[in-house]
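Heads up: the structure comes next, in structure tokens.
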Protein chains: 2
Amino acid sequence: MTGWIKIAGLGPGSDDLVTPEVTAALAEATDIVGYIPYVARVAGREGLTLHASDNRVEIDRSQHALQMAADGRRVVVVSSGDPGVFAMAAAVFEALENGPDEWRDIPIDVLPGITAMLSASARAGAPLGHDFCTINLSDNLKPWPLIEKRLRLAAQADFAMVFYNPRSKSRPEGFVKTLEILREECEPERLILFARAVSRPDEVIRISTLAEATPDMADMQTVVIVGSSLTRVIERPGTPIVYTPRFTPE
Amino acid sequence: MTGWIKIAGLGPGSDDLVTPEVTAALAEATDIVGYIPYVARVAGREGLTLHASDNRVEIDRSQHALQMAADGRRVVVVSSGDPGVFAMAAAVFEALENGPDEWRDIPIDVLPGITAMLSASARAGAPLGHDFCTINLSDNLKPWPLIEKRLRLAAQADFAMVFYNPRSKSRPEGFVKTLEILREECEPERLILFARAVSRPDEVIRISTLAEATPDMADMQTVVIVGSSLTRVIERPGTPIVYTPRFTPE
């Protein structure tokens, strides 16, 4: 049997947002590897082994997946959202680069998924309808001064901004500092969206402004979207729509 | 009959990358509205009217879709990729904001899709595995000096960068200038990827460097991804892998 790895994105939560390509890969797999809550989204069946592991062991998990594929297994590494956006694809490639030469012969595919910012944006309207940037606010893997520099330059470029992993339990102060920096760089009326658990039963979308936003509006399940200076609200019965116009005046 | 609009993303090309949510919306629709090549991707059937229009009439098309929904039709507005990323969602909301009050009562949903940068990134490896920005290089809808400012600030922030609409036939000089600016701001070895028609039969992925890139490597069907200073290549039999590590050293 020839082994392979597919690094697959399960989308934000609803089965309706899983691509047929990913569904087909899960049906062909002998082994599923990933973080506990993501592996829990894959239905068990005869002949399929589920390997669920805890957070922060991404390299161990990747090595395990690569070795199983080298041994002839058909391995799907699952991520929430898209595997290429702050998820497992980069970890698998890091393990591959530093691993034994034989791993470089393993067939590897990355199967894209609906990443959290796309489902959050869709639910709110179209806040990412113009140029934007996407920043992982966790300072586990990079120094805080780099995050601060990126925030200030992104504000000066008038990008809409998306933040993944805005506020961990162990380091909640990063998002407090983020709001302070944004208040220095942007006007108080700047729109900021908090999208939690989009497409899941406990989904919450909150629309706020920089002046009114508080750090507790975000947690690690939340994607935060800060509008550009042109991002607008359309009031209507029910939930308002937030969008960024396609057109920027001279 | 109660009308509605769903603004749906068809993904980059392959049916395997269309979400079940979008497939279900297409099955319920009475009318499909969109740019000619995207409407052509929807199979005709009894009871379904296809309204295909040319490029650059996004607001007319949106008004038409909104009026049909107000008249009780079930309308799906289709975009390639994701409707919220440089696509139809912002155009529909612009038309809604400036249209008659009755349009604000129309049920509107945005259905996310696999946007071109996710499928391009997946095919190349994981070049967007760390912080990145996404810029529409067309200067139809914004002044060129704003594009130049964003390019320079993005390079200074050391974001990976994604460019949509890099090079139109009518204004090919924008991408020439883009490469010049990037060569001023970044080192010559900086990786740059050209991903054309991903997931379609004529797919081409090209890996180059800023020193070696030429403007004709891009057209309007191409997504361009410029790595950050840390983006790397893993050589192996067959296509090399391009990825941006999760970890940034102090």
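In the structure tokens, chains take letters A, B, ... by order of appearance, with residues numbered from 1 within each chain and ligands from 1 in the order shown.
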Please build the interface table for chain B against chain A with a cut-off of 7 Å, listing for each qualifying residue the nearest atom pair and the distance in Å to one decimal; count only C-alpha atoms, order rows by chain and increasing number, and write it as JSON lines.
```
{"residue": "B:Asp16", "atom": "CA", "partner": "A:Glu21", "partner_atom": "CA", "distance": 5.0}
{"residue": "B:Leu17", "atom": "CA", "partner": "A:Thr19", "partner_atom": "CA", "distance": 5.3}
{"residue": "B:Val18", "atom": "CA", "partner": "A:Thr19", "partner_atom": "CA", "distance": 6.0}
{"residue": "B:Thr19", "atom": "CA", "partner": "A:Thr19", "partner_atom": "CA", "distance": 4.9}
{"residue": "B:Pro20", "atom": "CA", "partner": "A:Asp16", "partner_atom": "CA", "distance": 5.0}
{"residue": "B:Glu21", "atom": "CA", "partner": "A:Asp16", "partner_atom": "CA", "distance": 5.0}
{"residue": "B:Gly84", "atom": "CA", "partner": "A:Ala126", "partner_atom": "CA", "distance": 5.1}
{"residue": "B:Val85", "atom": "CA", "partner": "A:Gly129", "partner_atom": "CA", "distance": 5.1}
{"residue": "B:Phe86", "atom": "CA", "partner": "A:Gly129", "partner_atom": "CA", "distance": 5.4}
{"residue": "B:Ala89", "atom": "CA", "partner": "A:Ala126", "partner_atom": "CA", "distance": 6.0}
{"residue": "B:Ala90", "atom": "CA", "partner": "A:Gly129", "partner_atom": "CA", "distance": 5.6}
{"residue": "B:Glu94", "atom": "CA", "partner": "A:Pro245", "partner_atom": "CA", "distance": 6.8}
{"residue": "B:Glu97", "atom": "CA", "partner": "A:Ile234", "partner_atom": "CA", "distance": 6.4}
{"residue": "B:Arg104", "atom": "CA", "partner": "A:Arg236", "partner_atom": "CA", "distance": 5.6}
{"residue": "B:Asp105", "atom": "CA", "partner": "A:Pro237", "partner_atom": "CA", "distance": 6.6}
{"residue": "B:Val110", "atom": "CA", "partner": "A:Ala122", "partner_atom": "CA", "distance": 4.9}
{"residue": "B:Leu111", "atom": "CA", "partner": "A:Ala122", "partner_atom": "CA", "distance": 6.3}
{"residue": "B:Pro112", "atom": "CA", "partner": "A:Ser119", "partner_atom": "CA", "distance": 5.9}
{"residue": "B:Gly113", "atom": "CA", "partner": "A:Ile114", "partner_atom": "CA", "distance": 6.5}
{"residue": "B:Ile114", "atom": "CA", "partner": "A:Ile114", "partner_atom": "CA", "distance": 6.0}
{"residue": "B:Leu118", "atom": "CA", "partner": "A:Pro112", "partner_atom": "CA", "distance": 6.0}
{"residue": "B:Ser119", "atom": "CA", "partner": "A:Pro112", "partner_atom": "CA", "distance": 5.9}
{"residue": "B:Ser121", "atom": "CA", "partner": "A:Gly84", "partner_atom": "CA", "distance": 6.9}
{"residue": "B:Ala122", "atom": "CA", "partner": "A:Val110", "partner_atom": "CA", "distance": 4.9}
{"residue": "B:Arg123", "atom": "CA", "partner": "A:Val110", "partner_atom": "CA", "distance": 6.6}
{"residue": "B:Gly125", "atom": "CA", "partner": "A:Val110", "partner_atom": "CA", "distance": 6.8}
{"residue": "B:Ala126", "atom": "CA", "partner": "A:Gly84", "partner_atom": "CA", "distance": 5.1}
{"residue": "B:Leu128", "atom": "CA", "partner": "A:Val85", "partner_atom": "CA", "distance": 6.0}
{"residue": "B:Gly129", "atom": "CA", "partner": "A:Val85", "partner_atom": "CA", "distance": 5.1}
{"residue": "B:His130", "atom": "CA", "partner": "A:Phe86", "partner_atom": "CA", "distance": 6.2}
{"residue": "B:Asp131", "atom": "CA", "partner": "A:Ile135", "partner_atom": "CA", "distance": 4.7}
{"residue": "B:Phe132", "atom": "CA", "partner": "A:Thr134", "partner_atom": "CA", "distance": 5.5}
{"residue": "B:Cys133", "atom": "CA", "partner": "A:Cys133", "partner_atom": "CA", "distance": 3.8}
{"residue": "B:Thr134", "atom": "CA", "partner": "A:Phe132", "partner_atom": "CA", "distance": 5.4}
{"residue": "B:Ile135", "atom": "CA", "partner": "A:Asp131", "partner_atom": "CA", "distance": 4.7}
{"residue": "B:Asn136", "atom": "CA", "partner": "A:Asp131", "partner_atom": "CA", "distance": 6.3}
{"residue": "B:Leu141", "atom": "CA", "partner": "A:Phe247", "partner_atom": "CA", "distance": 4.7}
{"residue": "B:Lys142", "atom": "CA", "partner": "A:Thr248", "partner_atom": "CA", "distance": 4.7}
{"residue": "B:Pro143", "atom": "CA", "partner": "A:Glu250", "partner_atom": "CA", "distance": 5.7}
{"residue": "B:Lys149", "atom": "CA", "partner": "A:Ala157", "partner_atom": "CA", "distance": 6.7}
{"residue": "B:Arg150", "atom": "CA", "partner": "A:Ala157", "partner_atom": "CA", "distance": 5.1}
{"residue": "B:Leu153", "atom": "CA", "partner": "A:Leu153", "partner_atom": "CA", "distance": 5.9}
{"residue": "B:Ala157", "atom": "CA", "partner": "A:Arg150", "partner_atom": "CA", "distance": 5.1}
{"residue": "B:Ile234", "atom": "CA", "partner": "A:Glu97", "partner_atom": "CA", "distance": 6.4}
{"residue": "B:Arg236", "atom": "CA", "partner": "A:Arg104", "partner_atom": "CA", "distance": 5.6}
{"residue": "B:Pro237", "atom": "CA", "partner": "A:Asp105", "partner_atom": "CA", "distance": 6.6}
{"residue": "B:Tyr243", "atom": "CA", "partner": "A:Ala90", "partner_atom": "CA", "distance": 6.2}
{"residue": "B:Thr244", "atom": "CA", "partner": "A:Ala90", "partner_atom": "CA", "distance": 6.6}
{"residue": "B:Pro245", "atom": "CA", "partner": "A:Ala90", "partner_atom": "CA", "distance": 5.9}
{"residue": "B:Arg246", "atom": "CA", "partner": "A:Ala90", "partner_atom": "CA", "distance": 6.3}
{"residue": "B:Phe247", "atom": "CA", "partner": "A:Leu141", "partner_atom": "CA", "distance": 4.7}
{"residue": "B:Thr248", "atom": "CA", "partner": "A:Lys142", "partner_atom": "CA", "distance": 4.7}
{"residue": "B:Pro249", "atom": "CA", "partner": "A:Lys142", "partner_atom": "CA", "distance": 6.4}
{"residue": "B:Glu250", "atom": "CA", "partner": "A:Pro143", "partner_atom": "CA", "distance": 5.7}
```
Taking C-alpha atoms for each residue, export the selection above as a PDB file, in the first residue's frame.
```pdb
ATOM      1  CA  ASP B  16     -14.921  19.467  -5.487  1.00  0.00           C
ATOM      2  CA  LEU B  17     -14.315  22.848  -3.872  1.00  0.00           C
ATOM      3  CA  VAL B  18     -17.941  24.056  -3.836  1.00  0.00           C
ATOM      4  CA  THR B  19     -19.458  23.836  -0.344  1.00  0.00           C
ATOM      5  CA  PRO B  20     -22.668  21.839   0.219  1.00  0.00           C
ATOM      6  CA  GLU B  21     -24.258  25.090   1.456  1.00  0.00           C
ATOM      7  CA  GLY B  84     -16.609  38.737   0.212  1.00  0.00           C
ATOM      8  CA  VAL B  85     -13.041  38.977  -1.155  1.00  0.00           C
ATOM      9  CA  PHE B  86     -12.916  41.406  -4.113  1.00  0.00           C
ATOM     10  CA  ALA B  89     -20.921  40.929  -1.827  1.00  0.00           C
ATOM     11  CA  ALA B  90     -19.654  44.516  -1.453  1.00  0.00           C
ATOM     12  CA  GLU B  94     -23.515  49.199  -2.069  1.00  0.00           C
ATOM     13  CA  GLU B  97     -27.488  51.023   0.748  1.00  0.00           C
ATOM     14  CA  ARG B 104     -33.731  46.490   3.360  1.00  0.00           C
ATOM     15  CA  ASP B 105     -36.411  43.934   4.232  1.00  0.00           C
ATOM     16  CA  VAL B 110     -23.521  35.608   2.118  1.00  0.00           C
ATOM     17  CA  LEU B 111     -22.298  32.018   1.565  1.00  0.00           C
ATOM     18  CA  PRO B 112     -18.518  31.794   1.832  1.00  0.00           C
ATOM     19  CA  GLY B 113     -16.345  29.991  -0.688  1.00  0.00           C
ATOM     20  CA  ILE B 114     -12.729  28.905  -1.163  1.00  0.00           C
ATOM     21  CA  LEU B 118      -6.450  29.641  -0.215  1.00  0.00           C
ATOM     22  CA  SER B 119      -6.398  27.241  -3.153  1.00  0.00           C
ATOM     23  CA  SER B 121      -1.528  28.582  -1.076  1.00  0.00           C
ATOM     24  CA  ALA B 122      -2.655  24.963  -0.644  1.00  0.00           C
ATOM     25  CA  ARG B 123      -1.186  23.978  -3.988  1.00  0.00           C
ATOM     26  CA  GLY B 125       2.451  24.376   0.373  1.00  0.00           C
ATOM     27  CA  ALA B 126       1.729  26.909   3.116  1.00  0.00           C
ATOM     28  CA  LEU B 128       0.317  32.010   4.168  1.00  0.00           C
ATOM     29  CA  GLY B 129       1.169  30.050   7.311  1.00  0.00           C
ATOM     30  CA  HIS B 130       2.016  33.290   9.100  1.00  0.00           C
ATOM     31  CA  ASP B 131       0.729  36.910   9.050  1.00  0.00           C
ATOM     32  CA  PHE B 132      -0.167  38.188   5.583  1.00  0.00           C
ATOM     33  CA  CYS B 133      -2.049  40.860   3.677  1.00  0.00           C
ATOM     34  CA  THR B 134      -4.287  40.741   0.633  1.00  0.00           C
ATOM     35  CA  ILE B 135      -4.291  43.562  -1.924  1.00  0.00           C
ATOM     36  CA  ASN B 136      -6.332  44.062  -5.078  1.00  0.00           C
ATOM     37  CA  LEU B 141     -11.513  51.486  -8.015  1.00  0.00           C
ATOM     38  CA  LYS B 142      -8.742  53.170  -6.054  1.00  0.00           C
ATOM     39  CA  PRO B 143      -5.912  55.606  -6.722  1.00  0.00           C
ATOM     40  CA  LYS B 149       1.671  53.096  -0.011  1.00  0.00           C
ATOM     41  CA  ARG B 150       0.124  49.763   0.994  1.00  0.00           C
ATOM     42  CA  LEU B 153       4.035  49.449   4.430  1.00  0.00           C
ATOM     43  CA  ALA B 157       5.693  44.968   8.215  1.00  0.00           C
ATOM     44  CA  ILE B 234      11.708  22.500   0.604  1.00  0.00           C
ATOM     45  CA  ARG B 236      11.993  17.194  -3.050  1.00  0.00           C
ATOM     46  CA  PRO B 237      11.259  14.884  -5.995  1.00  0.00           C
ATOM     47  CA  TYR B 243       5.973  27.490   3.286  1.00  0.00           C
ATOM     48  CA  THR B 244       6.212  30.229   5.860  1.00  0.00           C
ATOM     49  CA  PRO B 245       7.232  28.922   9.285  1.00  0.00           C
ATOM     50  CA  ARG B 246       4.918  29.443  12.236  1.00  0.00           C
ATOM     51  CA  PHE B 247       7.799  30.613  14.394  1.00  0.00           C
ATOM     52  CA  THR B 248       9.484  34.011  14.149  1.00  0.00           C
ATOM     53  CA  PRO B 249      12.735  34.319  16.104  1.00  0.00           C
ATOM     54  CA  GLU B 250      13.350  37.286  18.459  1.00  0.00           C
TER      55      GLU B 250
END
```
**Asked** Residues of region 13-205 of chain B in helix (DSSP H, G or I) according to DSSP, as a PyMOL selection string?
**Response** chain B and resi 15-17+20-28+36-39+58-70+88-97+101-105+116-124+144-156+173-185
Take the residues from that selection and put them in a file with C-alpha atoms, as a short mmCIF file (atom, residue, chain, number, x, y, z; two decimals), in the first residue's frame.
```cif
data_model
loop_
_atom_site.label_atom_id
_atom_site.label_comp_id
_atom_site.auth_asym_id
_atom_site.auth_seq_id
_atom_site.Cartn_x
_atom_site.Cartn_y
_atom_site.Cartn_z
CA ASP B 15 -16.80 21.27 -8.27
CA ASP B 16 -14.92 19.47 -5.49
CA LEU B 17 -14.32 22.85 -3.87
CA PRO B 20 -22.67 21.84 0.22
CA GLU B 21 -24.26 25.09 1.46
CA VAL B 22 -23.72 26.71 -1.95
CA THR B 23 -24.87 23.59 -3.83
CA ALA B 24 -28.11 23.61 -1.81
CA ALA B 25 -28.70 27.32 -2.53
CA LEU B 26 -28.25 26.76 -6.27
CA ALA B 27 -30.80 23.92 -6.09
CA GLU B 28 -33.41 26.20 -4.45
CA ILE B 36 -20.70 35.35 -17.69
CA PRO B 37 -17.98 32.74 -16.93
CA TYR B 38 -19.24 32.20 -13.37
CA VAL B 39 -22.90 31.80 -14.36
CA GLU B 58 -21.52 44.99 -10.83
CA ILE B 59 -23.91 47.66 -9.55
CA ASP B 60 -26.48 47.17 -12.36
CA ARG B 61 -26.32 43.44 -11.76
CA SER B 62 -26.79 43.93 -8.01
CA GLN B 63 -29.80 46.21 -8.49
CA HIS B 64 -31.35 43.66 -10.82
CA ALA B 65 -30.81 40.88 -8.28
CA LEU B 66 -32.25 42.95 -5.42
CA GLN B 67 -35.32 43.94 -7.42
CA MET B 68 -36.00 40.33 -8.41
CA ALA B 69 -35.75 39.28 -4.75
CA ALA B 70 -38.08 42.14 -3.74
CA MET B 88 -19.96 40.60 -5.52
CA ALA B 89 -20.92 40.93 -1.83
CA ALA B 90 -19.65 44.52 -1.45
CA ALA B 91 -21.33 45.50 -4.74
CA VAL B 92 -24.71 44.12 -3.62
CA PHE B 93 -24.44 45.97 -0.31
CA GLU B 94 -23.51 49.20 -2.07
CA ALA B 95 -26.61 48.85 -4.26
CA LEU B 96 -28.72 48.00 -1.21
CA GLU B 97 -27.49 51.02 0.75
CA ASP B 101 -36.09 51.34 1.54
CA GLU B 102 -38.09 48.20 0.72
CA TRP B 103 -34.89 46.42 -0.28
CA ARG B 104 -33.73 46.49 3.36
CA ASP B 105 -36.41 43.93 4.23
CA ALA B 116 -8.27 31.99 -4.81
CA MET B 117 -5.50 32.69 -2.29
CA LEU B 118 -6.45 29.64 -0.21
CA SER B 119 -6.40 27.24 -3.15
CA ALA B 120 -3.18 28.80 -4.48
CA SER B 121 -1.53 28.58 -1.08
CA ALA B 122 -2.66 24.96 -0.64
CA ARG B 123 -1.19 23.98 -3.99
CA ALA B 124 2.17 25.61 -3.23
CA TRP B 144 -2.50 54.14 -7.57
CA PRO B 145 -0.65 56.07 -4.81
CA LEU B 146 -2.74 54.19 -2.21
CA ILE B 147 -1.66 50.85 -3.72
CA GLU B 148 1.97 51.95 -3.64
CA LYS B 149 1.67 53.10 -0.01
CA ARG B 150 0.12 49.76 0.99
CA LEU B 151 2.84 47.78 -0.80
CA ARG B 152 5.64 49.68 0.97
CA LEU B 153 4.04 49.45 4.43
CA ALA B 154 3.24 45.74 3.92
CA ALA B 155 6.88 45.07 2.99
CA GLN B 156 8.07 47.02 6.04
CA GLU B 173 1.89 48.83 -16.12
CA GLY B 174 0.58 48.43 -12.53
CA PHE B 175 2.30 45.10 -12.05
CA VAL B 176 5.53 46.43 -13.57
CA LYS B 177 5.51 49.17 -10.92
CA THR B 178 4.59 46.65 -8.22
CA LEU B 179 7.67 44.55 -8.94
CA GLU B 180 9.84 47.69 -8.93
CA ILE B 181 8.51 48.76 -5.53
CA LEU B 182 8.99 45.28 -4.07
CA ARG B 183 12.57 45.20 -5.34
CA GLU B 184 13.23 48.48 -3.54
CA GLU B 185 11.72 47.19 -0.29
#
```
**strand (DSSP E or B) per DSSP on the backbone: members of region 45-242 of chain B, as a PyMOL selection string** = chain B and resi 49-53+74-79+81+108-111+125-126+132-136+160-164+191-196+204-209+222-226+232-234+241-242
**Message:** Report, in Å with one decimal, the straight-line distance from CA of Asp219 (chain A) to CA of His51 (chain A).
**Reply:** 26.5 Å
**Request:** Can you work out which one of B:Val33, B:Val75, B:Arg41, B:Ser138 has the shortest atom-to-atom distance to Val57 (chain B), counting only C-alpha atoms?
**Result:** B:Val33
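For the pair CA of Ser208 (chain A) and CA of Arg167 (chain A), the interatomic distance is 17.1 Å.
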